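Novice: Structure: start10.cif, mmCIF, C-alpha atoms.
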data_protein
#
loop_
_atom_site.label_atom_id
_atom_site.label_comp_id
_atom_site.auth_asym_id
_atom_site.auth_seq_id
_atom_site.Cartn_x
_atom_site.Cartn_y
_atom_site.Cartn_z
CA MET R 1 148.19 93.13 17.42
CA LYS R 2 149.36 93.14 21.04
CA SER R 3 147.81 94.69 24.15
CA LEU R 4 149.28 96.71 27.01
CA VAL R 5 147.00 96.75 30.07
CA LEU R 6 147.55 99.59 32.54
CA ALA R 7 146.92 98.25 36.04
CA GLY R 8 148.56 100.72 38.40
CA GLY R 9 146.90 103.49 40.39
CA SER R 10 145.40 103.79 43.85
CA GLY R 11 141.72 104.58 43.25
CA THR R 12 141.33 106.78 46.34
CA ARG R 13 137.86 107.95 45.24
CA LEU R 14 136.55 104.45 45.97
CA TYR R 15 137.90 104.28 49.52
CA PRO R 16 137.35 102.23 51.67
CA LEU R 17 136.59 99.55 49.05
CA SER R 18 139.87 100.30 47.32
CA ARG R 19 143.16 100.89 49.11
CA GLU R 20 146.62 101.88 47.96
CA LYS R 21 147.68 98.22 47.86
CA TYR R 22 144.32 96.94 46.61
CA PRO R 23 143.06 99.50 44.06
CA LYS R 24 139.73 99.64 42.28
CA GLN R 25 140.71 97.63 39.18
CA PHE R 26 141.12 94.51 41.32
CA LEU R 27 137.79 94.85 43.16
CA LYS R 28 135.02 92.39 42.28
CA ILE R 29 132.14 94.83 42.58
CA PHE R 30 129.65 93.95 39.86
CA ASP R 31 129.95 90.17 39.64
CA ASN R 32 132.60 87.58 40.38
CA GLU R 33 135.18 89.23 38.11
CA SER R 34 137.27 92.33 38.68
CA LEU R 35 137.55 95.15 36.15
CA PHE R 36 141.13 94.01 35.59
CA GLN R 37 139.97 90.50 34.69
CA LYS R 38 137.31 91.90 32.36
CA THR R 39 140.00 93.99 30.66
CA LEU R 40 142.20 90.92 30.17
CA LYS R 41 139.28 89.10 28.54
CA ARG R 42 138.74 92.00 26.13
CA ALA R 43 142.45 92.00 25.34
CA GLN R 44 142.25 88.30 24.50
CA GLN R 45 139.64 89.09 21.85
CA ILE R 46 141.93 91.42 19.90
CA SER R 47 145.49 90.42 20.82
CA GLU R 48 148.08 87.79 20.19
CA ASP R 49 150.06 88.71 23.31
CA ILE R 50 149.04 90.59 26.46
CA TYR R 51 151.37 92.69 28.60
CA VAL R 52 150.41 94.19 31.96
CA ILE R 53 152.15 97.08 33.65
CA THR R 54 151.57 97.58 37.36
CA ASN R 55 153.65 98.32 40.45
CA GLU R 56 155.71 96.07 42.68
CA GLU R 57 153.04 95.90 45.40
CA GLN R 58 150.35 94.68 43.00
CA LYS R 59 152.23 92.38 40.63
CA PHE R 60 151.34 89.17 42.45
CA LEU R 61 147.72 90.28 42.77
CA ALA R 62 147.65 90.88 39.01
CA ARG R 63 149.31 87.52 38.37
CA ASN R 64 146.86 85.64 40.60
CA GLN R 65 143.80 87.30 39.07
CA ALA R 66 145.07 86.55 35.57
CA ALA R 67 145.56 82.90 36.55
CA GLU R 68 141.98 82.75 37.87
CA ILE R 69 140.66 83.32 34.33
CA ASN R 70 143.39 81.27 32.61
CA CYS R 71 144.92 84.31 30.93
CA THR R 72 148.59 84.06 30.01
CA CYS R 73 150.24 87.47 30.13
CA THR R 74 153.58 89.15 30.76
CA ILE R 75 153.54 91.29 33.90
CA MET R 76 155.93 94.24 34.15
CA THR R 77 156.43 96.58 37.09
CA GLU R 78 157.26 100.27 37.07
CA PRO R 79 159.75 101.26 39.80
CA VAL R 80 157.73 104.36 40.69
CA ALA R 81 154.46 105.81 39.43
CA LYS R 82 155.13 108.73 37.08
CA GLY R 83 151.85 108.91 35.17
CA THR R 84 150.53 107.13 32.11
CA LEU R 85 152.95 108.45 29.48
CA PRO R 86 156.13 107.03 31.09
CA ALA R 87 154.28 103.79 31.88
CA ILE R 88 153.13 103.40 28.26
CA TYR R 89 156.56 104.33 26.88
CA TYR R 90 158.17 101.72 29.14
CA GLY R 91 155.62 99.10 28.14
CA LEU R 92 155.84 99.72 24.40
CA LYS R 93 159.62 99.71 24.50
CA ALA R 94 159.57 96.35 26.26
CA ILE R 95 157.10 94.96 23.71
CA VAL R 96 159.23 96.03 20.78
CA ASN R 97 162.36 94.82 22.61
CA TYR R 98 164.56 96.68 20.14
CA GLY R 99 162.92 94.77 17.27
CA SER R 100 160.39 95.68 14.59
CA ALA R 101 157.40 97.97 14.99
CA GLN R 102 154.25 96.59 16.56
CA THR R 103 150.62 97.62 16.75
CA VAL R 104 149.65 97.82 20.40
CA ALA R 105 146.27 98.43 22.05
CA VAL R 106 146.60 100.40 25.29
CA LEU R 107 143.80 99.43 27.67
CA PRO R 108 143.17 101.00 31.11
CA SER R 109 141.92 98.36 33.54
CA ASP R 110 139.32 100.43 35.40
CA HIS R 111 136.69 100.66 32.65
CA LEU R 112 133.45 98.71 32.37
CA ILE R 113 132.81 97.95 28.69
CA GLU R 114 129.99 95.85 27.28
CA GLY R 115 129.67 94.77 23.67
CA ASP R 116 132.33 92.36 22.46
CA LYS R 117 131.43 92.63 18.77
CA GLU R 118 131.44 96.43 18.71
CA PHE R 119 134.68 96.52 20.69
CA LYS R 120 136.48 94.27 18.19
CA GLU R 121 135.06 96.16 15.21
CA ALA R 122 136.38 99.48 16.54
CA PHE R 123 139.92 98.11 16.85
CA THR R 124 139.71 96.56 13.39
CA VAL R 125 138.81 99.98 11.96
CA ALA R 126 141.53 101.70 13.95
CA ASN R 127 144.17 99.23 12.81
CA GLY R 128 143.94 100.67 9.29
CA LEU R 129 144.90 104.15 10.55
CA THR R 130 147.88 103.39 12.80
CA ASN R 131 150.61 103.79 10.17
CA GLN R 132 149.80 107.50 9.99
CA TYR R 133 147.98 108.32 13.24
CA LEU R 134 147.96 107.73 16.95
CA VAL R 135 144.40 106.50 17.46
CA VAL R 136 142.15 107.32 20.41
CA PHE R 137 138.66 105.90 20.79
CA GLY R 138 135.70 108.22 21.35
CA VAL R 139 132.38 107.37 23.01
CA THR R 140 129.06 108.99 22.11
CA PRO R 141 127.97 110.89 25.27
CA THR R 142 124.78 109.81 27.02
CA HIS R 143 124.57 112.92 29.23
CA PRO R 144 126.58 116.13 29.86
CA HIS R 145 129.19 114.62 32.16
CA THR R 146 131.64 117.20 33.56
CA GLY R 147 134.22 114.69 34.73
CA TYR R 148 135.22 113.39 31.29
CA GLY R 149 137.34 114.86 28.53
CA TYR R 150 135.70 115.62 25.17
CA ILE R 151 136.97 115.22 21.60
CA GLN R 152 135.89 117.35 18.64
CA PRO R 153 136.03 115.21 15.48
CA GLY R 154 137.44 116.91 12.40
CA GLN R 155 137.92 115.74 8.84
CA SER R 156 136.69 112.24 8.03
CA ILE R 157 139.41 109.64 7.32
CA GLY R 158 137.85 106.31 6.42
CA ASN R 159 135.72 105.19 9.35
CA GLY R 160 137.48 107.57 11.71
CA TYR R 161 138.20 111.30 12.02
CA GLU R 162 141.16 113.54 12.49
CA VAL R 163 140.98 115.15 15.93
CA LYS R 164 140.26 118.87 15.76
CA GLU R 165 140.40 119.61 19.48
CA PHE R 166 140.58 118.02 22.97
CA ILE R 167 138.66 119.62 25.85
CA GLU R 168 139.28 118.62 29.47
CA LYS R 169 136.36 118.34 31.93
CA PRO R 170 134.13 121.23 30.83
CA GLU R 171 131.47 123.04 32.82
CA HIS R 172 127.91 121.70 32.60
CA THR R 173 126.67 124.26 30.07
CA LYS R 174 129.70 123.64 27.84
CA ALA R 175 129.19 119.89 28.08
CA ILE R 176 125.63 120.31 26.82
CA GLU R 177 126.93 122.43 23.93
CA TYR R 178 129.57 119.85 23.01
CA ILE R 179 127.03 117.05 22.93
CA GLU R 180 124.81 119.09 20.60
CA LYS R 181 127.81 119.63 18.29
CA GLY R 182 128.63 115.91 18.11
CA TYR R 183 131.69 115.81 20.34
CA LEU R 184 132.76 112.45 21.81
CA TRP R 185 133.93 111.44 25.25
CA ASN R 186 137.64 110.60 25.45
CA SER R 187 137.63 106.93 26.49
CA GLY R 188 141.34 106.70 27.34
CA LEU R 189 141.67 103.66 25.04
CA PHE R 190 144.38 103.85 22.38
CA LEU R 191 145.87 101.95 19.45
CA PHE R 192 149.46 102.80 18.55
CA ASN R 193 152.00 101.85 15.95
CA THR R 194 155.13 101.84 18.07
CA ASP R 195 157.26 103.63 15.43
CA VAL R 196 154.73 106.46 15.18
CA PHE R 197 154.43 106.64 18.97
CA PHE R 198 158.19 106.85 19.55
CA ASP R 199 158.61 109.42 16.75
CA GLU R 200 155.93 111.68 18.19
CA CYS R 201 157.39 111.35 21.68
CA GLU R 202 160.76 112.50 20.37
CA THR R 203 159.04 115.67 19.12
CA TYR R 204 156.45 116.41 21.81
CA ALA R 205 157.75 114.60 24.91
CA PRO R 206 161.55 114.68 24.44
CA GLU R 207 162.33 114.50 28.16
CA VAL R 208 160.40 111.24 28.46
CA ALA R 209 161.99 109.78 25.33
CA LYS R 210 165.48 110.79 26.48
CA ALA R 211 164.99 109.26 29.93
CA PHE R 212 164.09 105.86 28.48
CA HIS R 213 167.38 105.53 26.68
CA LYS R 214 168.55 104.40 30.12
CA ILE R 215 167.70 101.30 32.16
CA PRO R 216 164.18 101.37 33.71
CA ASP R 217 165.20 102.35 37.27
CA GLU R 218 167.20 105.34 36.02
CA ALA R 219 164.59 106.18 33.38
CA PHE R 220 161.76 106.41 35.91
CA GLU R 221 163.95 108.50 38.19
CA GLU R 222 164.66 111.02 35.43
CA THR R 223 161.40 111.13 33.47
CA PRO R 224 158.87 113.83 34.33
CA GLY R 225 155.57 112.62 35.70
CA ILE R 226 152.92 113.26 33.07
CA SER R 227 149.79 111.75 31.55
CA ILE R 228 149.55 110.42 28.00
CA ASP R 229 146.94 113.09 27.22
CA TYR R 230 148.84 116.15 28.46
CA GLY R 231 152.25 114.85 27.41
CA LEU R 232 151.50 113.68 23.89
CA ILE R 233 147.96 113.17 22.59
CA GLU R 234 146.78 116.77 23.04
CA ASN R 235 149.93 118.12 21.35
CA THR R 236 150.63 115.89 18.36
CA LYS R 237 149.05 116.67 14.97
CA ARG R 238 149.01 112.96 14.06
CA VAL R 239 146.02 111.85 16.11
CA ALA R 240 142.73 110.34 14.97
CA VAL R 241 139.56 109.32 16.77
CA VAL R 242 137.53 106.19 16.03
CA PRO R 243 134.00 105.94 17.50
CA LEU R 244 133.55 103.19 20.08
CA LYS R 245 129.93 102.09 19.75
CA CYS R 246 129.73 99.72 22.70
CA SER R 247 128.70 100.61 26.26
CA TRP R 248 131.61 102.30 28.08
CA LYS R 249 131.84 103.56 31.65
CA ASP R 250 134.82 104.84 33.60
CA VAL R 251 134.38 103.40 37.10
CA GLY R 252 136.19 106.18 38.87
CA SER R 253 133.75 107.21 41.58
CA PHE R 254 130.89 105.98 43.74
CA ASP R 255 128.54 108.10 41.64
CA ALA R 256 129.62 106.06 38.60
CA ILE R 257 129.01 102.83 40.50
CA TYR R 258 125.54 104.04 41.50
CA THR R 259 124.77 104.82 37.84
CA ILE R 260 125.85 101.35 36.72
CA MET R 261 124.22 99.22 39.42
CA GLN R 262 120.63 98.03 39.23
CA LYS R 263 118.14 99.98 41.37
CA ASN R 264 115.16 98.80 43.38
CA GLU R 265 111.75 100.47 43.52
CA ASP R 266 113.15 103.21 45.79
CA GLU R 267 116.06 103.86 43.40
CA ASN R 268 118.48 102.38 45.93
CA ALA R 269 121.51 100.56 44.53
CA VAL R 270 122.41 97.83 47.00
CA ARG R 271 125.05 95.14 47.22
CA GLY R 272 124.37 93.21 50.36
CA GLU R 273 121.34 93.36 52.69
CA HIS R 274 119.36 96.54 53.24
CA ILE R 275 116.13 97.44 55.03
CA GLY R 276 115.04 100.97 54.19
CA ILE R 277 112.16 103.04 55.55
CA ASP R 278 111.53 106.27 53.64
CA SER R 279 115.01 105.90 52.14
CA LYS R 280 115.64 106.60 48.45
CA ARG R 281 118.41 107.02 45.88
CA ASN R 282 121.12 105.57 48.12
CA LEU R 283 124.21 103.54 47.24
CA ILE R 284 124.82 100.84 49.85
CA ILE R 285 127.65 98.30 49.72
CA SER R 286 128.12 96.16 52.81
CA ASP R 287 128.68 92.59 54.01
CA ARG R 288 126.25 93.05 56.89
CA LEU R 289 122.68 94.32 57.23
CA VAL R 290 122.30 98.06 56.77
CA ALA R 291 119.07 99.60 58.09
CA THR R 292 118.13 103.18 57.21
CA ILE R 293 115.24 105.47 58.17
CA GLY R 294 114.66 108.72 56.29
CA ILE R 295 118.04 108.54 54.54
CA ASN R 296 118.14 109.83 50.95
CA ASP R 297 120.90 110.44 48.35
CA THR R 298 123.55 108.90 50.60
CA THR R 299 126.53 106.63 49.97
CA ILE R 300 127.11 104.02 52.69
CA ILE R 301 130.17 101.80 52.28
CA GLU R 302 131.10 99.29 54.96
CA THR R 303 134.23 97.13 55.15
CA LYS R 304 135.68 95.16 58.06
CA ASP R 305 137.58 98.17 59.38
CA VAL R 306 135.92 101.30 57.95
CA ILE R 307 132.40 102.68 57.54
CA MET R 308 132.07 105.57 55.09
CA VAL R 309 128.89 107.67 54.98
CA ALA R 310 128.62 110.61 52.57
CA HIS R 311 126.06 112.71 50.76
CA ARG R 312 126.06 110.89 47.43
CA PRO R 313 126.91 113.90 45.19
CA ARG R 314 129.93 114.58 47.44
CA ALA R 315 131.24 111.03 47.77
CA GLN R 316 134.18 111.80 45.48
CA GLU R 317 135.60 113.96 48.28
CA ILE R 318 136.49 110.75 50.13
CA LYS R 319 140.04 111.23 48.81
CA LYS R 320 140.40 113.99 51.43
CA ILE R 321 139.85 111.36 54.12
CA VAL R 322 142.57 109.23 52.54
CA GLU R 323 144.94 112.20 52.63
CA ILE R 324 144.28 112.66 56.36
CA LEU R 325 144.96 108.97 57.01
CA ARG R 326 148.21 109.14 55.04
CA ASP R 327 149.31 112.26 56.92
CA ASN R 328 148.74 110.31 60.14
CA ASN R 329 150.65 107.27 58.80
CA ASP R 330 147.48 105.23 59.25
CA LYS R 331 147.82 101.83 57.54
CA ARG R 332 144.09 101.81 56.77
CA ALA R 333 144.88 104.08 53.83
CA GLU R 334 147.00 101.30 52.33
CA ILE R 335 145.55 97.92 53.23
CA HIS R 336 142.34 96.10 54.09
CA THR R 337 141.98 93.73 57.00
CA THR R 338 142.51 91.09 54.29
CA VAL R 339 145.94 91.40 52.68
CA ASN R 340 146.86 89.55 49.49
CA ARG R 341 150.16 87.77 49.16
CA PRO R 342 151.64 85.81 46.22
CA TRP R 343 150.85 82.56 48.06
CA GLY R 344 147.30 83.52 49.13
CA SER R 345 146.10 85.98 51.77
CA TYR R 346 145.70 86.69 55.46
CA THR R 347 142.89 88.42 57.35
CA ARG R 348 143.42 90.25 60.63
CA LEU R 349 140.72 89.01 63.01
CA GLU R 350 141.78 90.74 66.20
CA GLU R 351 144.69 92.85 67.32
CA GLY R 352 145.71 93.40 70.91
CA GLN R 353 148.81 93.71 73.05
CA PRO R 354 150.75 91.48 73.07
CA TYR R 355 148.86 89.33 70.52
CA ASN R 356 147.45 89.26 66.97
CA ILE R 357 145.00 86.73 65.55
CA LYS R 358 144.86 86.07 61.82
CA ARG R 359 143.14 83.73 59.38
CA ILE R 360 145.66 82.56 56.79
CA THR R 361 144.74 81.09 53.39
CA VAL R 362 147.44 79.33 51.35
CA GLN R 363 146.47 78.42 47.80
CA GLN R 364 147.02 74.97 46.31
CA LYS R 365 150.68 74.00 45.79
CA LYS R 366 151.87 77.35 47.21
CA ARG R 367 154.23 77.98 50.11
CA LEU R 368 155.48 80.84 52.22
CA SER R 369 159.13 81.78 52.47
CA VAL R 370 161.65 80.11 54.77
CA GLN R 371 161.64 82.73 57.51
CA MET R 372 162.31 83.66 61.10
CA HIS R 373 160.82 86.18 63.58
CA LEU R 374 162.92 87.81 66.25
CA HIS R 375 160.12 89.19 68.41
CA ARG R 376 157.14 86.83 68.19
CA SER R 377 156.05 83.22 68.45
CA GLU R 378 153.20 81.73 66.40
CA HIS R 379 150.60 79.07 67.10
CA TRP R 380 148.91 77.52 64.03
CA VAL R 381 145.58 75.66 64.07
CA VAL R 382 144.46 74.05 60.80
CA VAL R 383 140.82 74.78 59.91
CA SER R 384 140.68 73.07 56.50
CA GLY R 385 143.09 71.43 54.09
CA THR R 386 146.52 70.01 54.87
CA ALA R 387 149.56 71.96 56.07
CA LYS R 388 153.15 70.93 55.50
CA VAL R 389 155.17 72.51 58.28
CA THR R 390 158.94 72.77 58.62
CA ILE R 391 160.38 74.08 61.91
CA ASP R 392 164.14 74.10 62.47
CA GLY R 393 164.65 71.33 59.90
CA ASN R 394 161.81 69.06 61.13
CA THR R 395 158.99 68.53 58.60
CA TYR R 396 155.55 67.07 59.27
CA LEU R 397 151.91 67.29 58.10
CA LEU R 398 149.00 68.86 59.98
CA ARG R 399 145.37 68.14 59.15
CA LYS R 400 142.05 69.70 60.12
CA GLY R 401 141.88 70.37 63.86
CA GLU R 402 145.60 69.79 64.47
CA SER R 403 148.01 72.49 65.61
CA THR R 404 151.67 73.36 66.12
CA PHE R 405 153.78 75.96 67.89
CA VAL R 406 156.51 78.05 66.20
CA PRO R 407 158.92 79.41 68.86
CA THR R 408 160.49 82.85 68.60
CA GLY R 409 163.71 82.68 66.59
CA SER R 410 162.98 79.35 64.89
CA VAL R 411 163.46 78.97 61.13
CA HIS R 412 160.19 77.79 59.63
CA ARG R 413 158.09 77.39 56.49
CA LEU R 414 154.38 76.79 55.85
CA GLU R 415 153.26 74.99 52.68
CA ASN R 416 150.03 73.72 51.13
CA PRO R 417 150.81 70.41 49.38
CA GLY R 418 147.13 69.67 48.71
CA LEU R 419 144.56 70.28 45.98
CA ILE R 420 142.28 72.57 48.02
CA PRO R 421 143.08 75.84 49.80
CA LEU R 422 144.68 75.53 53.23
CA GLU R 423 143.09 77.64 55.94
CA LEU R 424 144.46 78.05 59.43
CA ILE R 425 144.22 80.36 62.42
CA GLU R 426 147.46 81.98 63.50
CA VAL R 427 147.93 83.45 66.99
CA GLN R 428 150.99 85.68 67.26
CA ILE R 429 152.37 86.52 70.71
CA GLY R 430 155.17 89.02 71.26
CA GLU R 431 156.09 92.59 72.13
CA TYR R 432 156.59 93.59 68.46
CA LEU R 433 153.98 92.28 66.00
CA THR R 434 154.37 94.24 62.76
CA GLU R 435 154.98 92.65 59.35
CA ASP R 436 158.57 93.90 59.11
CA ASP R 437 159.67 91.35 61.73
CA ILE R 438 160.40 88.79 58.99
CA ILE R 439 163.86 87.58 58.04
CA ARG R 440 163.57 85.58 54.79
CA PHE R 441 166.19 82.98 53.86
CA GLU R 442 164.51 81.47 50.79
CA ASP R 443 161.48 82.58 48.82
CA ASP R 444 159.68 81.40 45.69
CA TYR R 445 158.73 84.97 44.81
CA GLY R 446 162.07 86.76 44.93
CA ARG R 447 161.52 88.47 48.31
CA GLU R 448 164.68 87.26 50.07
CA GLU R 449 166.16 89.71 52.56
#
Turn this file's structure into structure tokens for me.

Specialist:
Amino acid sequence: MKSLVLAGGSGTRLYPLSREKYPKQFLKIFDNESLFQKTLKRAQQISEDIYVITNEEQKFLARNQAAEINCTCTIMTEPVAKGTLPAIYYGLKAIVNYGSAQTVAVLPSDHLIEGDKEFKEAFTVANGLTNQYLVVFGVTPTHPHTGYGYIQPGQSIGNGYEVKEFIEKPEHTKAIEYIEKGYLWNSGLFLFNTDVFFDECETYAPEVAKAFHKIPDEAFEETPGISIDYGLIENTKRVAVVPLKCSWKDVGSFDAIYTIMQKNEDENAVRGEHIGIDSKRNLIISDRLVATIGINDTTIIETKDVIMVAHRPRAQEIKKIVEILRDNNDKRAEIHTTVNRPWGSYTRLEEGQPYNIKRITVQQKKRLSVQMHLHRSEHWVVVSGTAKVTIDGNTYLLRKGESTFVPTGSVHRLENPGLIPLELIEVQIGEYLTEDDIIRFEDDYGREE
């Protein structure tokens, strides 16, 4: 068995924690591991090989997080987001690589699942059905949730069931009725035999199948944008559901996060420091002290550049704020003050005119590209670690407390030759200070321009 992990998406309902270039699956909200890393660990339990499909902006983030947990995986990028069906088709086709059929688990990376034994048992059961069915995993509902899809199990087939009907996001009264009748939540987890999958796509999603007879760039340009549920699973007659008996939660909103997190005596869910007077049932996530008086049922999310305050039942409407920011071409819709790069990260400390101040972190044995700036100079001060600096062909080492100056127009490279992260403060001075003022001559990550 192999696994295909879906790691694209923007997660706008968790703004400002998640951004377009740092979506929710990469956030480390609940402990020191992201949902993506937890998904990779589950995939390791059931798979011989793991494949990840993401987008170009996030591939190095996915690669670095996989390396943090010592997970070897193949990372693929989709040229443009067209929904889950084209992404899965592309991934399964790459896995097969024009060879024999494979059994592939399709795992979204934004779920919180607990129960390793039950998880493995469900996939073992499902594996016996894949020669005849496309298998989806169903979760026993714990309450009448109106944001999930429901599955009506039909005729029993071994330890699973043929699917009688799919229902998308019902009203509250209908959700109660479905629970009473034994319906299951649609988890969005799948197990496919690739031959069965491709055959059913030819019948029920012919435009997608036809598009992927071409190379990926052309295929993604031609394929319609559509989800795996609407495009295939809800149409095919060859679909079965296997109960997933472990704890499953789709972390798609702040309300879901509030449900998952531990509460204090006032039913407040807090990550960070909070002093509350007559304040109950709040979700508070912040790196600094939050003090509230008479605040109830409120979501308060604080990052370095954004504070979001919302009535907790309405927090999912935060995506409207993201739309306004995008319409205004505001970069805060896309990136945090800390921006990840394949070599490490940088954090914007202060921005002015005509200067920017950043903290740069370069991971062990990593280096930036050989590059030049036409409109700015840079002054580097090493805070910790050792920097190997090359400026116009001259190479030397800088240690803690030492500094150097990079003139405008000079060809330069920054490298960390050491065994601990390199941290330095960079002061940029110039009339044009945006990130597109980079001319790359050589790059370890294929970003030459």

Novice: To one decimal in Å, tell me the separation between atom CA of R:Leu191 and atom CA of R:Asp31.

Specialist: 28.3 Å

Novice: State, in Å with one decimal place, the distance from atom CA of R:His412 to atom CA of R:Glu68.

Specialist: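 Result for atom CA of R:His412 versus atom CA of R:Glu68: 28.8 Å, one decimal.
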
Novice: Can you pull out every residue within 6 Å of stretch 127-136 of chain R, counting all atoms listed in the file, but drop anything in the same chain fewer than 4 positions away, and send it as a list of chain:residue names?

Specialist: R:Phe123, R:Leu189, R:Phe190, R:Leu191, R:Phe192, R:Asn193, R:Arg238, R:Val239, R:Ala240, R:Val241

Novice: For the selection just defined, write its residues with C-alpha atoms to a file, as a PDB file, keeping the file's coordinate frame.

Specialist:
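This went into out.pdb:
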ATOM      1  CA  PHE R 123     139.920  98.110  16.850  1.00  0.00           C
ATOM      2  CA  LEU R 189     141.670 103.660  25.040  1.00  0.00           C
ATOM      3  CA  PHE R 190     144.380 103.850  22.380  1.00  0.00           C
ATOM      4  CA  LEU R 191     145.870 101.950  19.450  1.00  0.00           C
ATOM      5  CA  PHE R 192     149.460 102.800  18.550  1.00  0.00           C
ATOM      6  CA  ASN R 193     152.000 101.850  15.950  1.00  0.00           C
ATOM      7  CA  ARG R 238     149.010 112.960  14.060  1.00  0.00           C
ATOM      8  CA  VAL R 239     146.020 111.850  16.110  1.00  0.00           C
ATOM      9  CA  ALA R 240     142.730 110.340  14.970  1.00  0.00           C
ATOM     10  CA  VAL R 241     139.560 109.320  16.770  1.00  0.00           C
TER      11      VAL R 241
END

Novice: Starting from the displayed file, determine the output of the PyMOL selection byres ((chain R and resi 54) around 12) and express the residue list as a PDB file with C-alpha atoms, in the coordinates of the input.

Specialist:
ATOM      1  CA  LEU R   4     149.280  96.710  27.010  1.00  0.00           C
ATOM      2  CA  VAL R   5     147.000  96.750  30.070  1.00  0.00           C
ATOM      3  CA  LEU R   6     147.550  99.590  32.540  1.00  0.00           C
ATOM      4  CA  ALA R   7     146.920  98.250  36.040  1.00  0.00           C
ATOM      5  CA  GLY R   8     148.560 100.720  38.400  1.00  0.00           C
ATOM      6  CA  GLY R   9     146.900 103.490  40.390  1.00  0.00           C
ATOM      7  CA  SER R  10     145.400 103.790  43.850  1.00  0.00           C
ATOM      8  CA  LYS R  21     147.680  98.220  47.860  1.00  0.00           C
ATOM      9  CA  TYR R  22     144.320  96.940  46.610  1.00  0.00           C
ATOM     10  CA  PRO R  23     143.060  99.500  44.060  1.00  0.00           C
ATOM     11  CA  GLN R  25     140.710  97.630  39.180  1.00  0.00           C
ATOM     12  CA  PHE R  26     141.120  94.510  41.320  1.00  0.00           C
ATOM     13  CA  PHE R  36     141.130  94.010  35.590  1.00  0.00           C
ATOM     14  CA  TYR R  51     151.370  92.690  28.600  1.00  0.00           C
ATOM     15  CA  VAL R  52     150.410  94.190  31.960  1.00  0.00           C
ATOM     16  CA  ILE R  53     152.150  97.080  33.650  1.00  0.00           C
ATOM     17  CA  ASN R  55     153.650  98.320  40.450  1.00  0.00           C
ATOM     18  CA  GLU R  56     155.710  96.070  42.680  1.00  0.00           C
ATOM     19  CA  GLU R  57     153.040  95.900  45.400  1.00  0.00           C
ATOM     20  CA  GLN R  58     150.350  94.680  43.000  1.00  0.00           C
ATOM     21  CA  LYS R  59     152.230  92.380  40.630  1.00  0.00           C
ATOM     22  CA  PHE R  60     151.340  89.170  42.450  1.00  0.00           C
ATOM     23  CA  LEU R  61     147.720  90.280  42.770  1.00  0.00           C
ATOM     24  CA  ALA R  62     147.650  90.880  39.010  1.00  0.00           C
ATOM     25  CA  ARG R  63     149.310  87.520  38.370  1.00  0.00           C
ATOM     26  CA  THR R  74     153.580  89.150  30.760  1.00  0.00           C
ATOM     27  CA  ILE R  75     153.540  91.290  33.900  1.00  0.00           C
ATOM     28  CA  MET R  76     155.930  94.240  34.150  1.00  0.00           C
ATOM     29  CA  THR R  77     156.430  96.580  37.090  1.00  0.00           C
ATOM     30  CA  GLU R  78     157.260 100.270  37.070  1.00  0.00           C
ATOM     31  CA  PRO R  79     159.750 101.260  39.800  1.00  0.00           C
ATOM     32  CA  VAL R  80     157.730 104.360  40.690  1.00  0.00           C
ATOM     33  CA  ALA R  81     154.460 105.810  39.430  1.00  0.00           C
ATOM     34  CA  LYS R  82     155.130 108.730  37.080  1.00  0.00           C
ATOM     35  CA  GLY R  83     151.850 108.910  35.170  1.00  0.00           C
ATOM     36  CA  THR R  84     150.530 107.130  32.110  1.00  0.00           C
ATOM     37  CA  ALA R  87     154.280 103.790  31.880  1.00  0.00           C
ATOM     38  CA  ILE R  88     153.130 103.400  28.260  1.00  0.00           C
ATOM     39  CA  TYR R  90     158.170 101.720  29.140  1.00  0.00           C
ATOM     40  CA  GLY R  91     155.620  99.100  28.140  1.00  0.00           C
ATOM     41  CA  PRO R 108     143.170 101.000  31.110  1.00  0.00           C
ATOM     42  CA  SER R 109     141.920  98.360  33.540  1.00  0.00           C
TER      43      SER R 109
END

Novice: Determine, counting only C-alpha atoms, which protein, DNA and RNA residues have an atom within 9 Å of an atom of stretch 422-426 of chain R; residues of the same chain fewer than 5 positions away are not included. Present the result as a tab-separated table (two decimals) with C-alpha atoms, in the coordinates of the input.

Specialist:
chain	number	residue	atom	x	y	z
R	356	ASN	CA	147.45	89.26	66.97
R	357	ILE	CA	145.00	86.73	65.55
R	358	LYS	CA	144.86	86.07	61.82
R	359	ARG	CA	143.14	83.73	59.38
R	360	ILE	CA	145.66	82.56	56.79
R	361	THR	CA	144.74	81.09	53.39
R	362	VAL	CA	147.44	79.33	51.35
R	363	GLN	CA	146.47	78.42	47.80
R	364	GLN	CA	147.02	74.97	46.31
R	378	GLU	CA	153.20	81.73	66.40
R	379	HIS	CA	150.60	79.07	67.10
R	380	TRP	CA	148.91	77.52	64.03
R	381	VAL	CA	145.58	75.66	64.07
R	382	VAL	CA	144.46	74.05	60.80
R	383	VAL	CA	140.82	74.78	59.91
R	384	SER	CA	140.68	73.07	56.50
R	385	GLY	CA	143.09	71.43	54.09
R	386	THR	CA	146.52	70.01	54.87
R	387	ALA	CA	149.56	71.96	56.07
R	400	LYS	CA	142.05	69.70	60.12
R	415	GLU	CA	153.26	74.99	52.68
R	416	ASN	CA	150.03	73.72	51.13
R	417	PRO	CA	150.81	70.41	49.38

Novice: Would you mind telling me which residue in R:Leu244, R:Met372, R:Ile420, R:Val339 lies nearest to R:Thr124 when using all atoms listed in the file?

Specialist: R:Leu244

Novice: Do you know which residues are at most 10 Å from R:Ile300 counting all atoms listed in the file, after dropping those on the same chain fewer than 6 positions away, and could you put them as an MDAnalysis selection string?

Specialist: chainID R and resid 254 270 282:286 290 307:312 315
